[in-house]
$ cat my_file_21.tsv   # TSV, C-alpha atoms
chain	number	residue	atom	x	y	z
A	1	MET	CA	-95.43	-64.10	20.79
A	2	ALA	CA	-91.88	-62.96	21.38
A	3	SER	CA	-89.01	-65.34	21.03
A	4	PRO	CA	-86.63	-66.05	23.93
A	5	SER	CA	-83.79	-64.27	22.09
A	6	ASP	CA	-85.66	-60.95	21.97
A	7	THR	CA	-86.25	-60.83	25.71
A	8	THR	CA	-83.64	-59.34	27.99
A	9	ASP	CA	-82.52	-61.30	30.99
A	10	PRO	CA	-82.57	-58.99	34.02
A	11	SER	CA	-80.33	-61.24	36.00
A	12	ARG	CA	-77.63	-61.08	33.30
A	13	ILE	CA	-77.63	-57.27	33.35
A	14	THR	CA	-77.41	-56.89	37.10
A	15	ALA	CA	-74.99	-59.69	37.67
A	16	SER	CA	-72.43	-58.87	34.90
A	17	PRO	CA	-69.22	-57.51	36.53
A	18	SER	CA	-67.45	-56.61	33.23
A	19	VAL	CA	-69.32	-53.35	32.72
A	20	SER	CA	-67.98	-50.89	35.30
A	21	PRO	CA	-67.12	-47.16	35.21
A	22	SER	CA	-63.86	-47.81	36.93
A	23	VAL	CA	-60.71	-49.19	35.34
A	24	SER	CA	-60.31	-52.86	35.86
A	25	PRO	CA	-57.19	-53.79	37.82
A	26	SER	CA	-56.74	-56.88	35.72
A	27	VAL	CA	-55.46	-54.91	32.69
A	28	SER	CA	-51.92	-56.00	31.94
A	29	PRO	CA	-49.05	-53.50	31.93
A	30	SER	CA	-48.06	-54.35	28.38
A	31	VAL	CA	-51.47	-53.38	27.06
A	32	SER	CA	-51.33	-50.09	28.94
A	33	ALA	CA	-47.85	-49.30	27.62
A	34	SER	CA	-48.82	-50.06	24.05
A	35	ALA	CA	-51.94	-47.95	24.33
A	36	SER	CA	-50.02	-45.01	25.71
A	37	ALA	CA	-47.42	-45.34	22.96
A	38	SER	CA	-50.02	-45.39	20.22
A	39	ALA	CA	-51.87	-42.40	21.65
A	40	PRO	CA	-51.11	-38.94	20.21
A	41	ASP	CA	-48.64	-36.63	22.04
A	42	SER	CA	-51.28	-34.54	23.63
A	43	VAL	CA	-49.37	-34.07	26.89
A	44	PRO	CA	-45.92	-32.35	26.57
A	45	PRO	CA	-42.95	-33.90	28.32
A	46	PRO	CA	-41.80	-32.35	31.56
A	47	GLU	CA	-39.46	-29.40	31.15
A	48	ARG	CA	-35.87	-29.62	32.25
A	49	PRO	CA	-34.35	-26.74	34.21
A	50	GLY	CA	-31.69	-24.88	32.30
A	51	ALA	CA	-33.03	-25.84	28.84
A	52	LEU	CA	-33.72	-23.40	26.03
A	53	GLY	CA	-36.82	-21.32	26.65
A	54	ASP	CA	-37.46	-22.49	30.22
A	55	THR	CA	-38.15	-18.97	31.53
A	56	PRO	CA	-40.50	-16.40	30.08
A	57	ALA	CA	-37.85	-13.69	30.31
A	58	SER	CA	-35.51	-15.48	27.96
A	59	GLY	CA	-38.08	-16.16	25.32
A	60	PRO	CA	-38.36	-19.19	23.06
A	61	GLY	CA	-35.11	-20.35	21.50
A	62	ARG	CA	-32.82	-17.98	23.45
A	63	PRO	CA	-30.05	-19.36	25.68
A	64	VAL	CA	-30.19	-18.50	29.34
A	65	PRO	CA	-26.95	-16.87	30.54
A	66	ASP	CA	-25.04	-19.03	32.91
A	67	GLU	CA	-23.70	-17.11	35.86
A	68	ALA	CA	-21.08	-19.77	36.55
A	69	ALA	CA	-19.59	-19.76	33.00
A	70	PRO	CA	-15.78	-19.22	32.98
A	71	ARG	CA	-14.43	-15.92	31.63
A	72	ILE	CA	-12.31	-16.21	28.47
A	73	VAL	CA	-8.80	-14.90	29.10
A	74	PRO	CA	-6.60	-14.14	26.04
A	75	ARG	CA	-3.30	-15.89	25.72
A	76	ARG	CA	-0.32	-13.96	27.06
A	77	HIS	CA	2.56	-13.65	24.57
A	78	VAL	CA	5.51	-13.30	26.89
A	79	GLY	CA	8.12	-13.53	24.13
A	80	ARG	CA	6.40	-10.83	22.14
A	81	LEU	CA	6.31	-8.50	25.13
A	82	LEU	CA	10.00	-9.10	25.89
A	83	THR	CA	10.98	-8.47	22.27
A	84	ALA	CA	9.00	-5.22	22.19
A	85	ALA	CA	10.57	-4.08	25.45
A	86	VAL	CA	14.10	-4.77	24.16
A	87	ALA	CA	13.35	-2.97	20.88
A	88	LEU	CA	12.01	0.07	22.72
A	89	LEU	CA	15.03	0.11	24.99
A	90	VAL	CA	17.44	0.04	22.03
A	91	PHE	CA	15.44	2.77	20.27
A	92	ALA	CA	15.45	4.96	23.38
A	93	MET	CA	19.21	4.52	23.74
A	94	ALA	CA	19.78	5.48	20.08
A	95	VAL	CA	17.59	8.58	20.36
A	96	ASN	CA	19.28	9.58	23.58
A	97	SER	CA	22.74	9.23	22.00
A	98	VAL	CA	21.71	11.49	19.11
A	99	VAL	CA	19.82	14.13	21.10
A	100	ARG	CA	22.33	14.50	23.93
A	101	ASN	CA	25.45	14.32	21.78
A	102	PRO	CA	26.98	17.84	21.69
A	103	ALA	CA	28.81	17.08	18.42
A	104	PHE	CA	25.56	17.41	16.48
A	105	GLN	CA	25.27	21.07	17.54
A	106	TRP	CA	21.48	21.23	17.45
A	107	SER	CA	21.51	24.98	17.99
A	108	VAL	CA	23.40	25.39	14.71
A	109	VAL	CA	20.96	23.02	13.00
A	110	GLY	CA	18.03	25.13	14.12
A	111	ARG	CA	19.73	28.33	13.00
A	112	TYR	CA	20.43	27.13	9.42
A	113	PHE	CA	17.32	24.96	8.96
A	114	THR	CA	15.21	27.71	7.36
A	115	THR	CA	17.85	29.98	5.86
A	116	THR	CA	17.36	31.34	2.36
A	117	ALA	CA	20.19	29.33	0.81
A	118	VAL	CA	18.87	26.04	2.19
A	119	LEU	CA	15.28	26.75	1.14
A	120	ASP	CA	16.37	27.73	-2.37
A	121	GLY	CA	18.28	24.45	-2.67
A	122	LEU	CA	15.23	22.55	-1.39
A	123	LEU	CA	12.98	24.18	-4.00
A	124	LEU	CA	15.38	23.26	-6.78
A	125	THR	CA	15.52	19.68	-5.50
A	126	LEU	CA	11.73	19.43	-5.49
A	127	TRP	CA	11.55	20.94	-8.98
A	128	LEU	CA	14.14	18.49	-10.31
A	129	THR	CA	12.28	15.57	-8.74
A	130	GLY	CA	8.92	16.53	-10.22
A	131	ALA	CA	10.29	17.33	-13.68
A	132	VAL	CA	12.34	14.15	-13.90
A	133	MET	CA	9.45	11.93	-12.80
A	134	VAL	CA	6.96	13.46	-15.23
A	135	LEU	CA	9.34	13.43	-18.18
A	136	GLY	CA	10.62	9.97	-17.28
A	137	PHE	CA	7.15	8.44	-17.37
A	138	LEU	CA	6.22	10.35	-20.52
A	139	ILE	CA	9.14	8.60	-22.22
A	140	GLY	CA	8.80	5.34	-20.31
A	141	ILE	CA	5.16	4.65	-21.22
A	142	PRO	CA	5.82	4.61	-25.01
A	143	LEU	CA	8.91	2.50	-24.39
A	144	ALA	CA	6.82	-0.03	-22.44
A	145	VAL	CA	4.22	-0.17	-25.21
A	146	MET	CA	7.00	-0.64	-27.78
A	147	ARG	CA	8.45	-3.45	-25.68
A	148	LEU	CA	5.09	-5.24	-25.75
A	149	SER	CA	4.50	-4.52	-29.43
A	150	ALA	CA	4.37	-7.24	-32.07
A	151	ASN	CA	6.72	-5.16	-34.24
A	152	PRO	CA	10.21	-6.71	-33.83
A	153	VAL	CA	11.98	-3.43	-34.70
A	154	LEU	CA	10.16	-1.40	-32.02
A	155	ARG	CA	10.54	-4.20	-29.52
A	156	THR	CA	14.30	-4.42	-30.13
A	157	LEU	CA	14.84	-0.66	-29.94
A	158	SER	CA	12.96	-0.43	-26.65
A	159	TRP	CA	14.89	-3.35	-25.19
A	160	GLY	CA	18.19	-1.77	-26.29
A	161	TYR	CA	17.35	1.57	-24.67
A	162	VAL	CA	16.45	-0.06	-21.37
A	163	TRP	CA	19.53	-2.27	-21.52
A	164	ILE	CA	21.97	0.62	-22.08
A	165	PHE	CA	20.60	3.06	-19.51
A	166	ARG	CA	20.10	0.45	-16.81
A	167	SER	CA	23.61	-0.90	-17.31
A	168	THR	CA	25.38	2.46	-16.91
A	169	PRO	CA	25.79	4.16	-13.50
A	170	LEU	CA	23.90	7.40	-13.09
A	171	LEU	CA	27.03	9.39	-12.23
A	172	VAL	CA	28.72	8.21	-15.43
A	173	GLN	CA	25.69	9.30	-17.46
A	174	LEU	CA	25.65	12.73	-15.86
A	175	LEU	CA	29.35	13.26	-16.48
A	176	PHE	CA	28.91	12.07	-20.06
A	177	TRP	CA	26.11	14.55	-20.75
A	178	PHE	CA	28.02	17.31	-19.00
A	179	ASN	CA	30.93	16.77	-21.43
A	180	ILE	CA	28.78	16.21	-24.50
A	181	GLY	CA	30.34	19.27	-26.10
A	182	ALA	CA	33.59	17.32	-26.61
A	183	LEU	CA	31.75	14.87	-28.88
A	184	TYR	CA	29.18	17.16	-30.50
A	185	PRO	CA	30.38	20.78	-30.47
A	186	THR	CA	27.27	21.88	-32.39
A	187	LEU	CA	23.74	20.61	-32.81
A	188	GLY	CA	21.73	21.37	-35.94
A	189	ILE	CA	18.30	20.98	-37.51
A	190	GLY	CA	18.05	20.15	-41.19
A	191	VAL	CA	17.62	17.41	-43.75
A	192	PRO	CA	18.71	13.96	-42.52
A	193	PHE	CA	22.18	13.20	-43.91
A	194	GLY	CA	22.00	16.56	-45.68
A	195	PRO	CA	22.47	20.28	-45.09
A	196	GLN	CA	21.52	21.89	-41.77
A	197	PHE	CA	19.39	24.99	-41.49
A	198	LEU	CA	19.98	25.87	-37.82
A	199	THR	CA	23.00	25.12	-35.66
A	200	VAL	CA	23.56	25.79	-31.96
A	201	THR	CA	26.74	25.53	-29.92
A	202	THR	CA	26.40	22.74	-27.38
A	203	VAL	CA	28.45	24.50	-24.69
A	204	ASN	CA	26.07	27.47	-24.72
A	205	LEU	CA	22.97	25.27	-24.91
A	206	LEU	CA	23.52	22.72	-22.15
A	207	GLY	CA	24.12	24.27	-18.74
A	208	PRO	CA	24.51	22.33	-15.49
A	209	THR	CA	20.81	22.34	-14.61
A	210	LEU	CA	19.62	21.33	-18.09
A	211	THR	CA	22.30	18.64	-18.22
A	212	ALA	CA	21.07	17.27	-14.89
A	213	VAL	CA	17.47	17.21	-16.15
A	214	ILE	CA	18.45	15.37	-19.34
A	215	GLY	CA	20.66	12.84	-17.59
A	216	LEU	CA	18.19	12.07	-14.80
A	217	THR	CA	15.22	11.88	-17.20
A	218	LEU	CA	16.85	9.44	-19.61
A	219	HIS	CA	17.97	7.32	-16.68
A	220	GLU	CA	14.55	7.27	-15.02
A	221	ALA	CA	12.77	6.58	-18.33
A	222	ALA	CA	14.45	3.17	-18.55
A	223	TYR	CA	13.17	2.20	-15.10
A	224	ALA	CA	9.75	3.74	-15.72
A	225	ALA	CA	9.40	1.63	-18.87
A	226	GLU	CA	9.98	-1.55	-16.89
A	227	VAL	CA	7.57	-0.45	-14.16
A	228	VAL	CA	4.80	0.26	-16.66
A	229	ARG	CA	5.50	-2.96	-18.57
A	230	GLY	CA	5.26	-4.98	-15.36
A	231	GLY	CA	1.97	-3.29	-14.47
A	232	ILE	CA	0.49	-4.01	-17.90
A	233	LEU	CA	1.54	-7.67	-17.70
A	234	SER	CA	-0.13	-7.96	-14.29
A	235	VAL	CA	-3.56	-7.40	-15.89
A	236	GLU	CA	-5.26	-10.66	-16.86
A	237	SER	CA	-5.35	-11.40	-20.56
A	238	GLY	CA	-9.09	-12.03	-20.32
A	239	GLN	CA	-9.66	-8.28	-19.94
A	240	THR	CA	-8.05	-7.62	-23.33
A	241	GLU	CA	-9.86	-10.54	-24.93
A	242	ALA	CA	-13.20	-9.28	-23.62
A	243	ALA	CA	-12.48	-5.82	-25.02
A	244	GLN	CA	-11.62	-7.30	-28.40
A	245	ALA	CA	-14.82	-9.34	-28.36
A	246	LEU	CA	-16.78	-6.12	-27.80
A	247	GLY	CA	-15.03	-4.48	-30.74
A	248	ILE	CA	-13.00	-1.98	-28.71
A	249	GLY	CA	-9.80	-0.78	-30.40
A	250	ARG	CA	-6.32	-1.51	-29.05
A	251	ARG	CA	-5.58	2.10	-28.09
A	252	ARG	CA	-8.85	2.57	-26.22
A	253	THR	CA	-8.43	-0.81	-24.56
A	254	LEU	CA	-5.01	0.25	-23.31
A	255	HIS	CA	-6.15	3.67	-22.05
A	256	ARG	CA	-9.54	2.78	-20.59
A	257	ILE	CA	-9.21	-0.84	-19.46
A	258	VAL	CA	-5.60	-1.99	-19.09
A	259	ILE	CA	-3.86	1.08	-17.64
A	260	PRO	CA	-6.48	1.77	-14.89
A	261	GLN	CA	-6.18	-1.83	-13.68
A	262	ALA	CA	-2.39	-1.80	-14.01
A	263	MET	CA	-2.13	1.26	-11.77
A	264	ARG	CA	-2.61	-0.97	-8.72
A	265	SER	CA	0.75	-2.59	-9.54
A	266	ILE	CA	2.42	0.54	-10.93
A	267	VAL	CA	1.76	2.93	-8.03
A	268	PRO	CA	3.83	1.19	-5.30
A	269	THR	CA	6.90	0.89	-7.53
A	270	ALA	CA	6.42	4.37	-8.93
A	271	GLY	CA	6.24	5.73	-5.38
A	272	ASN	CA	9.55	4.06	-4.58
A	273	MET	CA	11.01	5.57	-7.76
A	274	LEU	CA	9.79	9.01	-6.73
A	275	ILE	CA	11.46	8.76	-3.33
A	276	GLY	CA	14.60	7.35	-4.93
A	277	THR	CA	14.67	10.23	-7.42
A	278	LEU	CA	14.29	12.75	-4.61
A	279	LYS	CA	17.39	11.37	-2.91
A	280	GLY	CA	19.15	10.70	-6.21
A	281	THR	CA	19.05	14.37	-7.18
A	282	SER	CA	21.77	14.93	-4.60
A	283	ILE	CA	24.21	13.43	-7.10
A	284	VAL	CA	23.85	16.49	-9.34
A	285	SER	CA	25.93	18.39	-6.79
A	286	VAL	CA	28.99	17.10	-8.69
A	287	LEU	CA	27.81	19.29	-11.60
A	288	ALA	CA	27.63	22.38	-9.33
A	289	VAL	CA	23.83	22.42	-9.51
A	290	HIS	CA	22.49	24.35	-6.51
A	291	ASP	CA	20.30	21.65	-5.07
A	292	LEU	CA	19.78	21.04	-1.35
A	293	LEU	CA	23.02	19.16	-0.78
A	294	TYR	CA	25.14	21.58	-2.80
A	295	SER	CA	23.64	24.56	-0.96
A	296	VAL	CA	24.51	22.96	2.37
A	297	GLN	CA	28.03	22.24	1.14
A	298	LEU	CA	28.50	25.90	0.23
A	299	VAL	CA	27.57	26.87	3.77
A	300	TYR	CA	29.80	24.45	5.63
A	301	ASN	CA	32.72	25.23	3.32
A	302	GLN	CA	32.59	28.71	4.84
A	303	THR	CA	31.69	27.88	8.46
A	304	TYR	CA	33.45	24.47	8.74
A	305	GLN	CA	30.40	23.13	10.58
A	306	VAL	CA	30.04	19.97	8.52
A	307	ILE	CA	27.98	17.74	10.83
A	308	PRO	CA	25.19	20.21	11.73
A	309	LEU	CA	24.80	21.30	8.09
A	310	LEU	CA	24.58	17.70	6.93
A	311	MET	CA	21.91	17.16	9.59
A	312	VAL	CA	19.97	20.07	8.09
A	313	ALA	CA	19.93	18.34	4.70
A	314	THR	CA	19.08	15.01	6.32
A	315	LEU	CA	16.09	16.40	8.22
A	316	TRP	CA	14.73	18.06	5.10
A	317	TYR	CA	15.05	14.83	3.10
A	318	ILE	CA	13.27	12.93	5.89
A	319	ALA	CA	10.44	15.49	6.02
A	320	VAL	CA	9.84	15.48	2.26
A	321	THR	CA	10.07	11.68	2.07
A	322	THR	CA	7.48	11.38	4.85
A	323	VAL	CA	5.05	13.60	2.94
A	324	LEU	CA	5.60	11.62	-0.28
A	325	SER	CA	5.13	8.31	1.53
A	326	THR	CA	1.84	9.53	2.98
A	327	GLY	CA	0.62	10.56	-0.45
A	328	GLN	CA	1.70	7.20	-1.88
A	329	PHE	CA	-0.38	5.42	0.78
A	330	TYR	CA	-3.56	7.28	-0.16
A	331	VAL	CA	-2.98	6.79	-3.90
A	332	GLU	CA	-2.48	3.05	-3.37
A	333	ARG	CA	-5.63	2.97	-1.25
A	334	TYR	CA	-7.56	4.70	-4.04
A	335	TYR	CA	-6.54	2.19	-6.72
A	336	ALA	CA	-7.16	-0.78	-4.39
A	337	ARG	CA	-10.90	-0.15	-4.32
A	338	GLY	CA	-11.78	-2.82	-6.89
A	339	SER	CA	-9.38	-5.49	-5.64
A	340	ALA	CA	-9.89	-5.57	-1.87
A	341	ARG	CA	-13.08	-6.26	0.03
A	342	ALA	CA	-12.11	-3.80	2.74
A	343	LEU	CA	-9.76	-0.88	2.19
A	344	PRO	CA	-6.76	-0.64	4.53
A	345	PRO	CA	-7.41	1.75	7.42
A	346	THR	CA	-5.92	5.21	7.25
A	347	PRO	CA	-3.51	6.42	9.97
A	348	PRO	CA	-6.26	8.43	11.74
A	349	GLN	CA	-8.51	5.36	11.69
A	350	ARG	CA	-5.73	3.20	13.14
A	351	LEU	CA	-5.13	5.79	15.85
A	352	ARG	CA	-8.80	5.87	16.79
A	353	THR	CA	-8.94	2.07	16.86
A	354	GLY	CA	-5.87	1.88	19.07
A	355	LEU	CA	-7.25	4.48	21.47
A	356	SER	CA	-10.57	2.64	21.67
A	357	ALA	CA	-8.81	-0.66	22.43
A	358	LEU	CA	-6.66	1.02	25.08
A	359	ARG	CA	-9.72	2.61	26.68
A	360	ALA	CA	-11.50	-0.75	26.73
A	361	ARG	CA	-8.53	-2.40	28.44
A	362	LEU	CA	-8.40	0.34	31.06
A	363	ASP	CA	-12.12	-0.06	31.71
A	364	ARG	CA	-11.76	-3.82	32.16
A	365	ALA	CA	-8.76	-3.33	34.47
A	366	SER	CA	-10.67	-0.84	36.61
$ encode --input "my_file_21.tsv" --output "structure tokens"
Amino acid sequence: MASPSDTTDPSRITASPSVSPSVSPSVSPSVSASASASAPDSVPPPERPGALGDTPASGPGRPVPDEAAPRIVPRRHVGRLLTAAVALLVFAMAVNSVVRNPAFQWSVVGRYFTTTAVLDGLLLTLWLTGAVMVLGFLIGIPLAVMRLSANPVLRTLSWGYVWIFRSTPLLVQLLFWFNIGALYPTLGIGVPFGPQFLTVTTVNLLGPTLTAVIGLTLHEAAYAAEVVRGGILSVESGQTEAAQALGIGRRRTLHRIVIPQAMRSIVPTAGNMLIGTLKGTSIVSVLAVHDLLYSVQLVYNQTYQVIPLLMVATLWYIAVTTVLSTGQFYVERYYARGSARALPPTPPQRLRTGLSALRARLDRAS
């Protein structure tokens, strides 16, 4: 016989209002809020217009271009523009005063610019410049090494040479070497402090051109020694220490490690020396050496056209200096490869960049 607990009361099932498929309205809002907060984020939040990735065309994570965004206008440098305008005006006035001045006699300048006498003087000037620079550095490099040597005798001799030749004006040195025959009438080769086997008369040995080469070379060697010494000192001492740790000799360290790195500091000063030597060769005209200036002087002593002939020499000096300056720029750019992240642009590259910028400005203005 079944117990009363095992039987199901039909009236309880049909009369119970708590079991219903619909949601009871008596559920409190706090319970609903807590339930929704504890539920997983299965439904994404509503999208906001203008947010990242709100349109299929832009793609996920890409900003949508705003049509109403303000255009960035660069700052206008009024003072810079006024300064440039004033500078151009002054330059134009100076050029106009030179070109339209009849005292320069440009027709005479054009007539004598490529004459044989002027070109011969120009060739001698270029030859003197090249010979003096090569010989000056051939003497200056050993002097710089001697100056940095641990030997006190070599260091003192190098310092004394640089001190004497940098303290004496170049014109005085040239005149001294030109009159060397008054001090040493003959030069000989033989045993030191003993008999001589070969003697030569100084007056017959040293002519004006050879005297100019000797005087200019000894003068430039003193400056070249200081230029090379400064370049060597600009190299970090760690480079030499690393070479010594690897067992590399001092001579090979100097030739293969120190000098290539020092060239970055040597080249700019050496380029200035080269240009200075080119112009400094004009001083040999006092020794009657037929350089560019002396050749021009011979012409205007006959024609009495001083100003146009001096302009001929000036234009040739400007032309040669421009070529040397261009070569110096490319040599400096070559030795700056290991020290700069980006090499400086060449003049053609700067021209192309300027033309591209100008074209872009014209396109924006149109």
$ atom_distance --input "my_file_21.tsv" --atom1 "atom CA of A:Asp291" --atom2 "atom CA of A:Thr125"
5.2 Å
$ residues_around --input "my_file_21.tsv" --residues "A:Tyr300" --least-positions-apart "3" --cutoff "12 Å" --atoms "only C-alpha atoms" --output "ChimeraX atom specification"
/A:108-109,112,117-118,293-297,303-313
$ residues_around --input "my_file_21.tsv" --residues "stretch 173-188 of chain A" --least-positions-apart "6" --cutoff "9 Å" --atoms "only C-alpha atoms" --output "list in words"
Phe165, Gln196, Phe197, Leu198, Thr199, Val200, Thr201, Thr202, Val203, Leu206, Gly207, Pro208, Thr211, Ala212, Ile214, Gly215, Leu216, His219, Ile283, Val284, Val286 and Leu287 of chain A
$ closest_residue --input "my_file_21.tsv" --among "A:Leu315, A:Ile189, A:Ile275, A:Val90" --to "A:Leu292" --atoms "all atoms listed in the file"
A:Leu315
$ atom_distance --input "my_file_21.tsv" --atom1 "atom CA of A:Leu298" --atom2 "atom CA of A:Asp120"
12.5 Å
$ closest_residue --input "my_file_21.tsv" --among "A:Ser356, A:Ala69, A:Gly194, A:Phe329" --to "A:Leu343" --atoms "only C-alpha atoms"
A:Phe329
$ residues_near_point --input "my_file_21.tsv" --point "(13.4, 7.0, -18.9)" --cutoff "9 Å" --atoms "all atoms listed in the file" --output "PDB file with C-alpha atoms, in the frame of the given file"
ATOM      1  CA  VAL A 132      12.340  14.150 -13.900  1.00  0.00           C
ATOM      2  CA  MET A 133       9.450  11.930 -12.800  1.00  0.00           C
ATOM      3  CA  LEU A 135       9.340  13.430 -18.180  1.00  0.00           C
ATOM      4  CA  GLY A 136      10.620   9.970 -17.280  1.00  0.00           C
ATOM      5  CA  PHE A 137       7.150   8.440 -17.370  1.00  0.00           C
ATOM      6  CA  LEU A 138       6.220  10.350 -20.520  1.00  0.00           C
ATOM      7  CA  ILE A 139       9.140   8.600 -22.220  1.00  0.00           C
ATOM      8  CA  GLY A 140       8.800   5.340 -20.310  1.00  0.00           C
ATOM      9  CA  ILE A 141       5.160   4.650 -21.220  1.00  0.00           C
ATOM     10  CA  LEU A 143       8.910   2.500 -24.390  1.00  0.00           C
ATOM     11  CA  TYR A 161      17.350   1.570 -24.670  1.00  0.00           C
ATOM     12  CA  VAL A 162      16.450  -0.060 -21.370  1.00  0.00           C
ATOM     13  CA  PHE A 165      20.600   3.060 -19.510  1.00  0.00           C
ATOM     14  CA  LEU A 216      18.190  12.070 -14.800  1.00  0.00           C
ATOM     15  CA  THR A 217      15.220  11.880 -17.200  1.00  0.00           C
ATOM     16  CA  LEU A 218      16.850   9.440 -19.610  1.00  0.00           C
ATOM     17  CA  HIS A 219      17.970   7.320 -16.680  1.00  0.00           C
ATOM     18  CA  GLU A 220      14.550   7.270 -15.020  1.00  0.00           C
ATOM     19  CA  ALA A 221      12.770   6.580 -18.330  1.00  0.00           C
ATOM     20  CA  ALA A 222      14.450   3.170 -18.550  1.00  0.00           C
ATOM     21  CA  TYR A 223      13.170   2.200 -15.100  1.00  0.00           C
ATOM     22  CA  ALA A 224       9.750   3.740 -15.720  1.00  0.00           C
ATOM     23  CA  ALA A 225       9.400   1.630 -18.870  1.00  0.00           C
TER      24      ALA A 225
END
$ atom_distance --input "my_file_21.tsv" --atom1 "atom CA of A:Leu122" --atom2 "atom CA of A:Glu332"
26.4 Å
$ residues_near_point --input "my_file_21.tsv" --point "(-8.4, -12.0, 29.3)" --cutoff "12 Å" --atoms "all atoms listed in the file" --output "PyMOL selection string"
chain A and resi 70-76+360-361+364-365
$ closest_residue --input "my_file_21.tsv" --among "A:Ile266, A:Arg251, A:Gly280, A:Asn151" --to "A:Pro169" --atoms "all atoms listed in the file"
A:Gly280
$ decode --input "my_file_21.tsv" --residues "stretch 71-82 of chain A" --atoms "N, CA and C atoms" --output "short mmCIF file (atom, residue, chain, number, x, y, z; two decimals), in the first residue's frame"
data_model
loop_
_atom_site.label_atom_id
_atom_site.label_comp_id
_atom_site.auth_asym_id
_atom_site.auth_seq_id
_atom_site.Cartn_x
_atom_site.Cartn_y
_atom_site.Cartn_z
N ARG A 71 42.96 72.09 -42.54
CA ARG A 71 44.20 71.91 -43.30
C ARG A 71 45.36 72.60 -42.58
N ILE A 72 46.50 71.90 -42.47
CA ILE A 72 47.66 72.43 -41.77
C ILE A 72 48.38 73.42 -42.67
N VAL A 73 48.52 74.63 -42.21
CA VAL A 73 49.18 75.69 -42.97
C VAL A 73 50.53 75.99 -42.32
N PRO A 74 51.64 75.93 -43.06
CA PRO A 74 52.95 76.21 -42.45
C PRO A 74 53.05 77.66 -42.00
N ARG A 75 53.90 77.86 -41.02
CA ARG A 75 54.09 79.20 -40.48
C ARG A 75 54.81 80.07 -41.49
N ARG A 76 54.38 81.31 -41.62
CA ARG A 76 55.00 82.24 -42.55
C ARG A 76 56.08 83.04 -41.83
N HIS A 77 57.31 82.94 -42.34
CA HIS A 77 58.45 83.67 -41.76
C HIS A 77 58.61 84.99 -42.51
N VAL A 78 57.96 86.01 -42.03
CA VAL A 78 57.99 87.29 -42.71
C VAL A 78 59.38 87.91 -42.64
N GLY A 79 60.01 87.84 -41.47
CA GLY A 79 61.35 88.42 -41.34
C GLY A 79 62.37 87.75 -42.25
N ARG A 80 62.24 86.43 -42.39
CA ARG A 80 63.16 85.72 -43.27
C ARG A 80 62.97 86.14 -44.72
N LEU A 81 61.74 86.30 -45.13
CA LEU A 81 61.46 86.72 -46.51
C LEU A 81 61.98 88.14 -46.77
N LEU A 82 61.79 89.03 -45.80
CA LEU A 82 62.29 90.40 -45.98
C LEU A 82 63.81 90.44 -46.04
#
